[in-house]
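Here's entry-v3.cif, which has mmCIF, C-alpha atoms and all ligand atoms:
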data_target
#
loop_
_atom_site.label_atom_id
_atom_site.label_comp_id
_atom_site.auth_asym_id
_atom_site.auth_seq_id
_atom_site.Cartn_x
_atom_site.Cartn_y
_atom_site.Cartn_z
CA MET A 931 187.16 -55.94 -15.67
CA ALA A 932 183.46 -56.60 -15.20
CA GLY A 933 181.20 -54.40 -17.30
CA PRO A 934 178.00 -52.76 -16.10
CA ASN A 935 175.54 -55.21 -14.62
CA PHE A 936 172.86 -55.06 -17.33
CA ARG A 937 169.37 -56.10 -16.30
CA THR A 938 167.39 -57.60 -19.14
CA GLY A 939 164.43 -59.14 -17.34
CA PHE A 940 161.35 -57.16 -18.40
CA ASP A 941 157.65 -57.84 -18.83
CA PRO A 942 156.35 -55.16 -21.21
CA ARG A 943 152.59 -55.65 -20.56
CA TYR A 944 151.74 -53.63 -23.69
CA SER A 945 148.86 -51.10 -23.46
CA GLU A 946 148.67 -51.48 -19.67
CA ALA A 947 149.48 -48.67 -17.24
CA VAL A 948 151.74 -50.59 -14.86
CA ALA A 949 152.11 -48.92 -11.44
CA MET A 950 155.80 -48.39 -10.59
CA VAL A 951 155.55 -46.43 -7.35
CA ASP A 952 152.92 -44.03 -5.97
CA GLY A 953 152.12 -41.52 -8.70
CA ILE A 954 154.21 -43.13 -11.48
CA ALA A 955 152.86 -45.64 -14.00
CA ARG A 956 154.62 -47.04 -17.07
CA MET A 957 153.02 -47.98 -20.36
CA THR A 958 155.23 -49.72 -22.93
CA VAL A 959 154.65 -49.32 -26.65
CA ASN A 960 154.47 -52.48 -28.73
CA ASN A 961 157.47 -51.45 -30.90
CA PRO A 962 160.14 -53.99 -29.96
CA SER A 963 163.42 -54.05 -31.93
CA PRO A 964 167.14 -54.55 -31.29
CA PHE A 965 167.30 -50.79 -30.60
CA THR A 966 164.10 -50.29 -28.58
CA PHE A 967 164.33 -53.55 -26.57
CA HIS A 968 160.71 -54.56 -25.75
CA GLY A 969 159.48 -51.10 -26.77
CA THR A 970 159.43 -47.44 -25.74
CA ASN A 971 158.27 -46.58 -22.23
CA THR A 972 155.72 -43.82 -21.68
CA TYR A 973 155.33 -42.64 -18.08
CA LEU A 974 152.23 -41.20 -16.45
CA LEU A 975 153.23 -38.94 -13.57
CA GLY A 976 150.74 -37.71 -10.95
CA THR A 977 147.37 -38.83 -9.67
CA GLU A 978 144.67 -36.15 -10.03
CA SER A 979 146.40 -34.24 -12.78
CA LEU A 980 149.11 -35.77 -14.92
CA ALA A 981 152.26 -35.24 -16.90
CA ILE A 982 152.84 -37.67 -19.75
CA ILE A 983 156.53 -38.33 -20.28
CA ASP A 984 157.60 -39.53 -23.77
CA PRO A 985 154.25 -40.28 -25.47
CA GLY A 986 156.08 -42.51 -27.96
CA PRO A 987 156.00 -43.17 -31.71
CA ASP A 988 153.03 -42.29 -33.92
CA ASP A 989 151.07 -45.40 -32.92
CA SER A 990 147.25 -45.37 -32.74
CA GLU A 991 146.99 -48.40 -30.50
CA HIS A 992 149.31 -46.83 -27.93
CA LEU A 993 147.46 -43.51 -28.14
CA ASP A 994 144.12 -45.25 -27.46
CA ALA A 995 145.56 -47.13 -24.50
CA LEU A 996 147.13 -43.95 -23.15
CA VAL A 997 143.89 -41.96 -23.40
CA LYS A 998 142.10 -44.79 -21.64
CA ALA A 999 144.68 -44.78 -18.82
CA ILE A 1000 144.49 -40.98 -18.50
CA ASP A 1001 140.80 -41.60 -17.85
CA ASN A 1002 139.61 -38.00 -18.28
CA ARG A 1003 142.07 -36.64 -15.72
CA PRO A 1004 143.56 -33.28 -16.73
CA VAL A 1005 147.01 -33.43 -18.33
CA SER A 1006 149.10 -30.37 -17.46
CA HIS A 1007 152.30 -31.22 -19.39
CA ILE A 1008 153.54 -33.48 -22.17
CA VAL A 1009 157.23 -33.91 -21.42
CA VAL A 1010 159.70 -35.22 -24.01
CA THR A 1011 163.22 -36.45 -23.15
CA HIS A 1012 164.52 -36.34 -26.73
CA THR A 1013 163.35 -36.22 -30.32
CA HIS A 1014 163.84 -39.71 -31.68
CA VAL A 1015 160.90 -41.12 -33.63
CA ASP A 1016 160.23 -43.75 -30.97
CA HIS A 1017 159.69 -41.08 -28.24
CA SER A 1018 158.28 -37.77 -29.42
CA PRO A 1019 155.94 -37.95 -32.48
CA LEU A 1020 152.84 -39.03 -30.54
CA SER A 1021 153.11 -35.83 -28.46
CA ARG A 1022 151.25 -34.01 -31.25
CA ARG A 1023 148.26 -36.32 -31.49
CA LEU A 1024 148.11 -36.54 -27.71
CA GLN A 1025 148.15 -32.75 -27.50
CA ASP A 1026 145.20 -32.59 -29.91
CA ILE A 1027 143.23 -34.65 -27.40
CA VAL A 1028 144.42 -33.41 -24.00
CA GLY A 1029 145.53 -29.87 -24.91
CA ALA A 1030 148.63 -29.74 -22.68
CA PRO A 1031 151.79 -27.88 -23.71
CA ILE A 1032 154.72 -29.93 -25.00
CA VAL A 1033 157.83 -29.44 -22.88
CA ALA A 1034 161.34 -30.28 -24.16
CA GLU A 1035 164.81 -28.85 -24.64
CA GLY A 1036 164.31 -27.96 -28.29
CA PRO A 1037 163.90 -29.22 -31.86
CA HIS A 1038 165.86 -32.16 -33.19
CA ARG A 1039 169.38 -31.26 -34.26
CA ALA A 1040 172.80 -32.85 -34.71
CA ALA A 1041 175.61 -32.42 -32.19
CA ARG A 1042 177.84 -31.04 -34.93
CA ALA A 1043 177.57 -29.96 -38.57
CA LEU A 1044 177.88 -32.64 -41.24
CA ASN A 1045 181.32 -32.85 -42.82
CA LEU A 1046 181.59 -32.41 -46.58
CA GLY A 1047 180.15 -35.50 -48.29
CA GLU A 1048 179.09 -37.09 -44.99
CA VAL A 1049 175.78 -38.95 -44.94
CA ASN A 1050 173.88 -38.90 -41.65
CA ALA A 1051 173.18 -42.58 -40.92
CA LEU A 1052 170.64 -41.52 -38.31
CA ASP A 1053 168.53 -39.21 -40.43
CA ALA A 1054 165.47 -41.47 -40.28
CA SER A 1055 165.55 -41.69 -36.50
CA GLY A 1056 165.03 -37.95 -35.88
CA ASP A 1057 161.60 -36.37 -35.38
CA ASP A 1058 162.29 -33.29 -37.47
CA GLU A 1059 158.78 -31.84 -37.14
CA PHE A 1060 159.01 -31.63 -33.36
CA ARG A 1061 158.69 -28.15 -31.80
CA PRO A 1062 158.19 -27.75 -28.04
CA ASP A 1063 155.69 -25.20 -26.69
CA ILE A 1064 157.84 -24.73 -23.60
CA LYS A 1065 161.63 -24.96 -23.94
CA VAL A 1066 163.49 -26.06 -20.83
CA SER A 1067 167.15 -25.65 -19.94
CA ASP A 1068 169.28 -27.33 -17.31
CA GLY A 1069 167.88 -26.69 -13.83
CA ASP A 1070 164.43 -25.54 -14.94
CA ILE A 1071 161.57 -26.77 -12.81
CA ILE A 1072 158.30 -28.02 -14.26
CA GLU A 1073 155.57 -27.77 -11.68
CA GLY A 1074 152.43 -29.84 -11.73
CA HIS A 1075 149.72 -30.74 -9.28
CA GLY A 1076 151.46 -32.48 -6.37
CA TRP A 1077 154.79 -32.97 -8.16
CA ALA A 1078 157.71 -31.00 -9.59
CA LEU A 1079 160.34 -32.11 -12.07
CA THR A 1080 163.84 -30.66 -12.40
CA SER A 1081 165.32 -30.69 -15.91
CA HIS A 1082 168.85 -32.01 -16.45
CA PHE A 1083 170.51 -31.27 -19.77
CA THR A 1084 172.11 -34.57 -20.75
CA PRO A 1085 173.22 -34.46 -24.41
CA GLY A 1086 175.14 -37.34 -25.98
CA HIS A 1087 172.51 -39.78 -27.25
CA THR A 1088 170.96 -36.76 -28.96
CA ALA A 1089 172.00 -33.12 -28.80
CA ASN A 1090 168.73 -32.15 -27.07
CA HIS A 1091 168.43 -34.95 -24.51
CA MET A 1092 166.92 -34.05 -21.14
CA ALA A 1093 166.55 -36.18 -18.01
CA PHE A 1094 164.05 -35.16 -15.35
CA SER A 1095 164.32 -35.79 -11.62
CA LEU A 1096 161.22 -35.85 -9.47
CA ASN A 1097 161.80 -33.38 -6.66
CA ASP A 1098 161.90 -34.69 -3.09
CA THR A 1099 162.00 -38.32 -4.26
CA ASP A 1100 164.61 -40.90 -5.26
CA TYR A 1101 163.23 -41.00 -8.84
CA LEU A 1102 164.66 -39.76 -12.09
CA PHE A 1103 163.39 -40.19 -15.66
CA SER A 1104 166.59 -40.95 -17.54
CA GLY A 1105 165.25 -41.24 -21.13
CA ASP A 1106 167.71 -43.06 -23.38
CA HIS A 1107 170.76 -41.59 -21.66
CA VAL A 1108 170.99 -44.32 -19.03
CA MET A 1109 169.05 -47.58 -19.33
CA ALA A 1110 169.35 -50.78 -17.31
CA TRP A 1111 169.19 -53.21 -20.28
CA ALA A 1112 172.00 -51.90 -22.51
CA THR A 1113 174.33 -49.02 -23.24
CA SER A 1114 172.91 -45.98 -24.98
CA ILE A 1115 173.65 -45.52 -28.68
CA VAL A 1116 176.00 -42.60 -29.15
CA ALA A 1117 176.44 -41.98 -32.84
CA PRO A 1118 177.82 -38.94 -34.68
CA PRO A 1119 176.77 -36.53 -36.02
CA ASP A 1120 173.57 -36.58 -33.90
CA GLY A 1121 175.32 -37.87 -30.83
CA SER A 1122 178.61 -37.00 -29.18
CA MET A 1123 180.73 -39.22 -26.94
CA LYS A 1124 182.26 -36.20 -25.23
CA ASP A 1125 178.80 -34.87 -24.36
CA TYR A 1126 177.59 -38.32 -23.32
CA MET A 1127 180.45 -38.79 -20.84
CA ALA A 1128 179.89 -35.32 -19.35
CA SER A 1129 176.16 -36.11 -19.09
CA LEU A 1130 176.89 -39.23 -17.04
CA ASP A 1131 178.56 -36.93 -14.52
CA VAL A 1132 175.49 -34.68 -14.58
CA LEU A 1133 173.37 -37.58 -13.35
CA LEU A 1134 175.94 -38.58 -10.73
CA ALA A 1135 175.65 -35.07 -9.30
CA GLN A 1136 171.94 -35.67 -8.55
CA PRO A 1137 170.91 -37.48 -5.38
CA GLN A 1138 168.39 -39.80 -7.12
CA GLN A 1139 169.29 -43.50 -7.33
CA THR A 1140 166.17 -45.00 -8.95
CA TYR A 1141 165.82 -44.34 -12.68
CA PHE A 1142 162.87 -44.88 -14.98
CA PRO A 1143 164.40 -45.21 -18.47
CA GLY A 1144 163.01 -44.86 -21.99
CA HIS A 1145 163.31 -48.60 -22.59
CA GLY A 1146 163.33 -51.59 -20.26
CA GLY A 1147 162.89 -51.86 -16.54
CA ARG A 1148 163.70 -49.49 -13.73
CA LEU A 1149 167.29 -49.08 -12.61
CA GLU A 1150 168.07 -49.23 -8.91
CA ASN A 1151 171.39 -48.26 -7.28
CA ALA A 1152 171.84 -46.12 -10.34
CA HIS A 1153 175.04 -44.35 -9.30
CA ALA A 1154 177.11 -47.55 -9.20
CA PHE A 1155 175.68 -48.48 -12.61
CA VAL A 1156 176.45 -45.05 -14.10
CA ARG A 1157 180.02 -45.26 -12.82
CA ALA A 1158 180.30 -48.71 -14.42
CA LEU A 1159 178.99 -47.26 -17.72
CA ARG A 1160 181.65 -44.59 -17.57
CA ALA A 1161 184.38 -47.17 -16.93
CA HIS A 1162 182.96 -49.37 -19.72
CA ARG A 1163 183.24 -46.55 -22.29
CA LYS A 1164 186.76 -45.73 -21.18
CA MET A 1165 187.70 -49.39 -21.52
CA ARG A 1166 186.14 -49.46 -24.99
CA GLU A 1167 188.09 -46.36 -25.96
CA LYS A 1168 191.27 -48.12 -24.90
CA ALA A 1169 190.28 -51.25 -26.87
CA ILE A 1170 189.74 -49.15 -29.98
CA TYR A 1171 193.07 -47.41 -29.52
CA GLU A 1172 194.75 -50.84 -29.17
CA GLN A 1173 193.06 -52.06 -32.38
CA VAL A 1174 194.25 -49.02 -34.31
CA LYS A 1175 197.73 -49.55 -32.91
CA ALA A 1176 197.60 -53.19 -34.02
CA GLY A 1177 196.91 -52.06 -37.59
CA LYS A 1178 193.11 -52.34 -37.83
CA SER A 1179 192.54 -49.16 -39.77
CA THR A 1180 188.82 -49.23 -40.63
CA ILE A 1181 185.76 -49.15 -38.40
CA PRO A 1182 184.30 -52.47 -39.71
CA ASP A 1183 187.64 -54.19 -38.96
CA MET A 1184 187.58 -52.86 -35.39
CA VAL A 1185 183.91 -53.79 -34.87
CA ALA A 1186 184.55 -57.36 -36.04
CA VAL A 1187 187.07 -57.79 -33.22
CA ILE A 1188 185.67 -55.67 -30.41
CA TYR A 1189 182.01 -56.69 -30.91
CA ARG A 1190 182.59 -60.31 -31.94
CA THR A 1191 180.13 -61.55 -29.28
CA THR A 1192 177.46 -58.97 -30.17
CA ASP A 1193 174.35 -59.68 -32.28
CA LYS A 1194 175.36 -58.96 -35.91
CA ARG A 1195 172.20 -56.88 -36.42
CA LEU A 1196 173.78 -54.38 -34.03
CA HIS A 1197 177.11 -54.14 -35.80
CA GLY A 1198 176.02 -51.09 -37.78
CA ALA A 1199 175.16 -49.31 -34.52
CA ALA A 1200 178.38 -50.60 -32.95
CA GLY A 1201 180.28 -49.05 -35.86
CA LEU A 1202 178.67 -45.72 -35.05
CA SER A 1203 179.74 -46.07 -31.40
CA VAL A 1204 183.30 -46.83 -32.49
CA PHE A 1205 183.11 -43.78 -34.74
CA ALA A 1206 181.99 -41.67 -31.75
CA GLN A 1207 184.99 -42.88 -29.75
CA LEU A 1208 187.35 -42.31 -32.68
CA GLU A 1209 186.18 -38.70 -32.92
CA GLU A 1210 187.37 -38.28 -29.34
CA LEU A 1211 190.65 -40.11 -29.94
CA VAL A 1212 191.35 -37.93 -32.99
CA ALA A 1213 190.42 -34.76 -31.09
CA SER A 1214 192.89 -35.70 -28.34
CA GLY A 1215 195.63 -36.41 -30.92
CA ALA A 1216 196.02 -40.08 -29.89
CA VAL A 1217 194.79 -41.32 -33.28
CA LYS A 1218 195.22 -39.80 -36.75
CA THR A 1219 193.04 -39.86 -39.83
CA ASP A 1220 193.07 -37.94 -43.11
CA GLY A 1221 190.62 -35.04 -43.04
CA PRO A 1222 187.73 -35.00 -40.57
CA PRO A 1223 186.98 -38.35 -38.87
CA SER A 1224 184.43 -40.34 -40.88
CA LEU A 1225 182.70 -43.72 -40.86
CA GLU A 1226 184.64 -44.74 -43.97
CA GLY A 1227 187.93 -43.27 -42.81
CA ASN A 1228 191.29 -44.92 -42.25
CA TYR A 1229 192.72 -44.54 -38.78
CA TYR A 1230 196.29 -44.95 -37.63
CA VAL A 1231 198.69 -44.03 -34.86
CA THR A 1232 202.00 -42.33 -35.36
CA THR A 1233 204.70 -43.36 -32.99
ZN ZN A 1301 164.50 -44.63 -27.60
#

Please re-express this file's structure in structure tokens.
Amino acid sequence: MAGPNFRTGFDPRYSEAVAMVDGIARMTVNNPSPFTFHGTNTYLLGTESLAIIDPGPDDSEHLDALVKAIDNRPVSHIVVTHTHVDHSPLSRRLQDIVGAPIVAEGPHRAARALNLGEVNALDASGDDEFRPDIKVSDGDIIEGHGWALTSHFTPGHTANHMAFSLNDTDYLFSGDHVMAWATSIVAPPDGSMKDYMASLDVLLAQPQQTYFPGHGGRLENAHAFVRALRAHRKMREKAIYEQVKAGKSTIPDMVAVIYRTTDKRLHGAAGLSVFAQLEELVASGAVKTDGPPSLEGNYYVTT
């Protein structure tokens, strides 16, 4: 079966506010990596008065470029999709300059409590200092000058992930939940595969079909892509189950087979994705392990 049709063509044009459509510009941070692609996208929404969506990492060069692009226009909101260090920390320094409230679902937190002895492999990626001034829940509307955003609670990549649709348009800011260039990282304990899958359905329930993601280029015909993502994860879950059945009992053994064509630098992250799927397989009773599912655990099926 064909996987999602990933689109990896992208010209980051660092420090430039690149017009996407009327009233939306994108500025990409110069923080490329295997996880951030060419870098984090910040969006400037509005014309006379702005919202800044995902200011980015604590990066002075990006802040300077952003302030220049804002060009003394009032900023009414600083909106944050989720609290990873490549998206939210600059909100504080930006707020010191523009004075707008920071809007987000809530502080950084894990999707579940740590199990006894478990080390959180993602600890360094969370922006633990983050505190929103305005907390939004699913369905809340953020109104600015000439635009309104609707909040969509979309946990999975992080427990506090929000997507925002632009009312009366075809546009949706999808954060790191859905991106055109690659699948989202879903890694326990911060992330949850069960939440992620449900959050794909949340987006499918919205009419918008053009997404502006946290990394990489815009996504058009988004619904077909989201459905393909859903099918891709289900197929991966089946592949993992088959590996366990074939006697591959550890996560590294499964990754070596399932991700054999993937960049080795991403195998650690792939292991976390496999772990996320195994949590689901254990919860459903299809796969067994001793004690709570863990990265180091042994997995097996009983027939
Ligand atoms: Zn990100």

Give me, as a Markdown table, each residue of chain A that comes within 10 Å of ligand ZN 1301 (chain A), together with its shortest interatomic pair and the distance in Å at one decimal, counting only C-alpha atoms and all ligand atoms, with rows ordered by chain and rising residue number.
| residue | atom | partner | partner_atom | distance |
| --- | --- | --- | --- | --- |
| A:Phe965 | CA | A:ZN1301 | ZN | 7.4 |
| A:Thr966 | CA | A:ZN1301 | ZN | 5.8 |
| A:Phe967 | CA | A:ZN1301 | ZN | 9.0 |
| A:Gly969 | CA | A:ZN1301 | ZN | 8.2 |
| A:Thr970 | CA | A:ZN1301 | ZN | 6.1 |
| A:Asn971 | CA | A:ZN1301 | ZN | 8.5 |
| A:Asp984 | CA | A:ZN1301 | ZN | 9.4 |
| A:Gly986 | CA | A:ZN1301 | ZN | 8.7 |
| A:Pro987 | CA | A:ZN1301 | ZN | 9.6 |
| A:Thr1011 | CA | A:ZN1301 | ZN | 9.4 |
| A:His1012 | CA | A:ZN1301 | ZN | 8.3 |
| A:Thr1013 | CA | A:ZN1301 | ZN | 8.9 |
| A:His1014 | CA | A:ZN1301 | ZN | 6.4 |
| A:Val1015 | CA | A:ZN1301 | ZN | 7.9 |
| A:Asp1016 | CA | A:ZN1301 | ZN | 5.5 |
| A:His1017 | CA | A:ZN1301 | ZN | 6.0 |
| A:Ser1018 | CA | A:ZN1301 | ZN | 9.4 |
| A:Ser1055 | CA | A:ZN1301 | ZN | 9.4 |
| A:His1087 | CA | A:ZN1301 | ZN | 9.4 |
| A:Gly1105 | CA | A:ZN1301 | ZN | 7.3 |
| A:Asp1106 | CA | A:ZN1301 | ZN | 5.5 |
| A:His1107 | CA | A:ZN1301 | ZN | 9.1 |
| A:Met1109 | CA | A:ZN1301 | ZN | 9.9 |
| A:Ser1114 | CA | A:ZN1301 | ZN | 8.9 |
| A:Ile1115 | CA | A:ZN1301 | ZN | 9.3 |
| A:Pro1143 | CA | A:ZN1301 | ZN | 9.1 |
| A:Gly1144 | CA | A:ZN1301 | ZN | 5.8 |
| A:His1145 | CA | A:ZN1301 | ZN | 6.5 |

Quiz item: Hey, can you pull every residue with an atom no more than 10 Å from (185.2, -57.3, -22.9), using all atoms listed in the file, and send it as number ranges by chain?
Solution: A: 931-933, 1162, 1165-1166, 1169, 1188-1191

Selection export as a PDB file, keeping the file's coordinate frame, atoms kept: C-alpha atoms:
ATOM      1  CA  MET A 931     187.160 -55.940 -15.670  1.00  0.00           C
ATOM      2  CA  ALA A 932     183.460 -56.600 -15.200  1.00  0.00           C
ATOM      3  CA  GLY A 933     181.200 -54.400 -17.300  1.00  0.00           C
ATOM      4  CA  HIS A1162     182.960 -49.370 -19.720  1.00  0.00           C
ATOM      5  CA  MET A1165     187.700 -49.390 -21.520  1.00  0.00           C
ATOM      6  CA  ARG A1166     186.140 -49.460 -24.990  1.00  0.00           C
ATOM      7  CA  ALA A1169     190.280 -51.250 -26.870  1.00  0.00           C
ATOM      8  CA  ILE A1188     185.670 -55.670 -30.410  1.00  0.00           C
ATOM      9  CA  TYR A1189     182.010 -56.690 -30.910  1.00  0.00           C
ATOM     10  CA  ARG A1190     182.590 -60.310 -31.940  1.00  0.00           C
ATOM     11  CA  THR A1191     180.130 -61.550 -29.280  1.00  0.00           C
TER      12      THR A1191
END

Quiz item: Which residue gives the smallest distance to Pro964 of chain A among A:Ala1186, A:Gly1056, A:Leu1211, A:Ala1112, with all atoms listed in the file counted?
Solution: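 Among the listed residues, A:Ala1112 lies closest to Pro964 of chain A.
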
Exercise. Go ahead and compute the interatomic distance for atom CA of Gly976 of chain A and atom CA of Asp988 of chain A, in Å to one decimal.
Key: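 We find that atom CA of Gly976 of chain A and atom CA of Asp988 of chain A lie 23.5 Å from each other.
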
Quiz item: Nearest to Gln1139 of chain A: which of A:Phe1103, A:Phe940, A:Phe1205, A:Trp1111 is it, counting only C-alpha atoms?
Solution: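 Nearest to Gln1139 of chain A: A:Phe1103.
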
Quiz item: So which residues are close to (191.1, -50.9, -36.6), meaning at most 12 Å away in the file's coordinates with all atoms listed in the file counted, and can you show them as a VMD selection string?
Solution: chain A and resid 1167 1169 to 1188 1201 1204 to 1205 1208 1217 to 1219 1225 to 1231

Quiz item: Could you state the separation of atom CA of Met950 of chain A and atom CA of Leu1149 of chain A in Å, given to one decimal place?
Solution: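 Taking atom CA of Met950 of chain A and atom CA of Leu1149 of chain A, their separation equals 11.7 Å.
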
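Candidate residues A:Arg1023, A:Asp989, A:Ala1117, A:Gly1215 were compared for distance to Gly1198 of chain A, and the nearest is A:Ala1117, using only C-alpha atoms.
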
Exercise. List the neighbours of segment 1097-1099 of chain A out to 10 Å using all atoms listed in the file; skip same-chain residues closer than 6 positions along the sequence, and give me the result as a list in words.
Key: Ile1071, Ile1072, Glu1073, Trp1077, Ala1078, Leu1079, Thr1080, Pro1137, Gln1138, Gln1139 and Thr1140 of chain A

Self-check item: For atom CA of Val1033 of chain A and atom CA of Phe1094 of chain A, the interatomic separation in Å (one decimal)
Solution: 11.3 Å

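Taking all atoms listed in the file into account, Tyr1126 of chain A lies nearest to A:Glu1210 out of the set A:Glu978, A:Asp1053, A:Glu946, A:Glu1210.
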
Because the input lacks atoms here, generate N, CA, C and O atoms for segment 1101-1112 of chain A and report them as a PDB file, in the frame of the given file.
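Output file selection_26.pdb follows:
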ATOM      1  N   TYR A1101     163.548 -40.590  -7.470  1.00  0.00           N
ATOM      2  CA  TYR A1101     163.230 -41.000  -8.840  1.00  0.00           C
ATOM      3  C   TYR A1101     163.712 -40.005  -9.882  1.00  0.00           C
ATOM      4  O   TYR A1101     163.601 -38.794  -9.707  1.00  0.00           O
ATOM      5  N   LEU A1102     164.175 -40.577 -10.983  1.00  0.00           N
ATOM      6  CA  LEU A1102     164.660 -39.760 -12.090  1.00  0.00           C
ATOM      7  C   LEU A1102     164.276 -40.448 -13.407  1.00  0.00           C
ATOM      8  O   LEU A1102     164.435 -41.671 -13.537  1.00  0.00           O
ATOM      9  N   PHE A1103     163.736 -39.674 -14.327  1.00  0.00           N
ATOM     10  CA  PHE A1103     163.390 -40.190 -15.660  1.00  0.00           C
ATOM     11  C   PHE A1103     164.619 -39.974 -16.544  1.00  0.00           C
ATOM     12  O   PHE A1103     164.970 -38.838 -16.860  1.00  0.00           O
ATOM     13  N   SER A1104     165.267 -41.073 -16.912  1.00  0.00           N
ATOM     14  CA  SER A1104     166.590 -40.950 -17.540  1.00  0.00           C
ATOM     15  C   SER A1104     166.545 -41.026 -19.061  1.00  0.00           C
ATOM     16  O   SER A1104     167.593 -40.930 -19.707  1.00  0.00           O
ATOM     17  N   GLY A1105     165.339 -41.188 -19.663  1.00  0.00           N
ATOM     18  CA  GLY A1105     165.250 -41.240 -21.130  1.00  0.00           C
ATOM     19  C   GLY A1105     166.119 -42.352 -21.681  1.00  0.00           C
ATOM     20  O   GLY A1105     166.189 -43.446 -21.126  1.00  0.00           O
ATOM     21  N   ASP A1106     166.816 -42.063 -22.785  1.00  0.00           N
ATOM     22  CA  ASP A1106     167.710 -43.060 -23.380  1.00  0.00           C
ATOM     23  C   ASP A1106     169.165 -42.810 -22.991  1.00  0.00           C
ATOM     24  O   ASP A1106     170.063 -43.451 -23.518  1.00  0.00           O
ATOM     25  N   HIS A1107     169.377 -41.878 -22.078  1.00  0.00           N
ATOM     26  CA  HIS A1107     170.760 -41.590 -21.660  1.00  0.00           C
ATOM     27  C   HIS A1107     171.323 -42.741 -20.826  1.00  0.00           C
ATOM     28  O   HIS A1107     172.436 -43.209 -21.086  1.00  0.00           O
ATOM     29  N   VAL A1108     170.558 -43.183 -19.852  1.00  0.00           N
ATOM     30  CA  VAL A1108     170.990 -44.320 -19.030  1.00  0.00           C
ATOM     31  C   VAL A1108     169.821 -45.297 -18.927  1.00  0.00           C
ATOM     32  O   VAL A1108     168.725 -44.928 -18.503  1.00  0.00           O
ATOM     33  N   MET A1109     170.072 -46.528 -19.354  1.00  0.00           N
ATOM     34  CA  MET A1109     169.050 -47.580 -19.330  1.00  0.00           C
ATOM     35  C   MET A1109     169.670 -48.823 -18.711  1.00  0.00           C
ATOM     36  O   MET A1109     170.867 -49.079 -18.871  1.00  0.00           O
ATOM     37  N   ALA A1110     168.837 -49.607 -18.030  1.00  0.00           N
ATOM     38  CA  ALA A1110     169.350 -50.780 -17.310  1.00  0.00           C
ATOM     39  C   ALA A1110     169.709 -51.927 -18.251  1.00  0.00           C
ATOM     40  O   ALA A1110     170.560 -52.750 -17.930  1.00  0.00           O
ATOM     41  N   TRP A1111     169.058 -52.012 -19.432  1.00  0.00           N
ATOM     42  CA  TRP A1111     169.190 -53.210 -20.280  1.00  0.00           C
ATOM     43  C   TRP A1111     170.389 -53.181 -21.207  1.00  0.00           C
ATOM     44  O   TRP A1111     170.851 -54.236 -21.660  1.00  0.00           O
ATOM     45  N   ALA A1112     170.915 -51.999 -21.534  1.00  0.00           N
ATOM     46  CA  ALA A1112     172.000 -51.900 -22.510  1.00  0.00           C
ATOM     47  C   ALA A1112     172.622 -50.512 -22.454  1.00  0.00           C
ATOM     48  O   ALA A1112     172.056 -49.605 -21.846  1.00  0.00           O
TER      49      ALA A1112
END
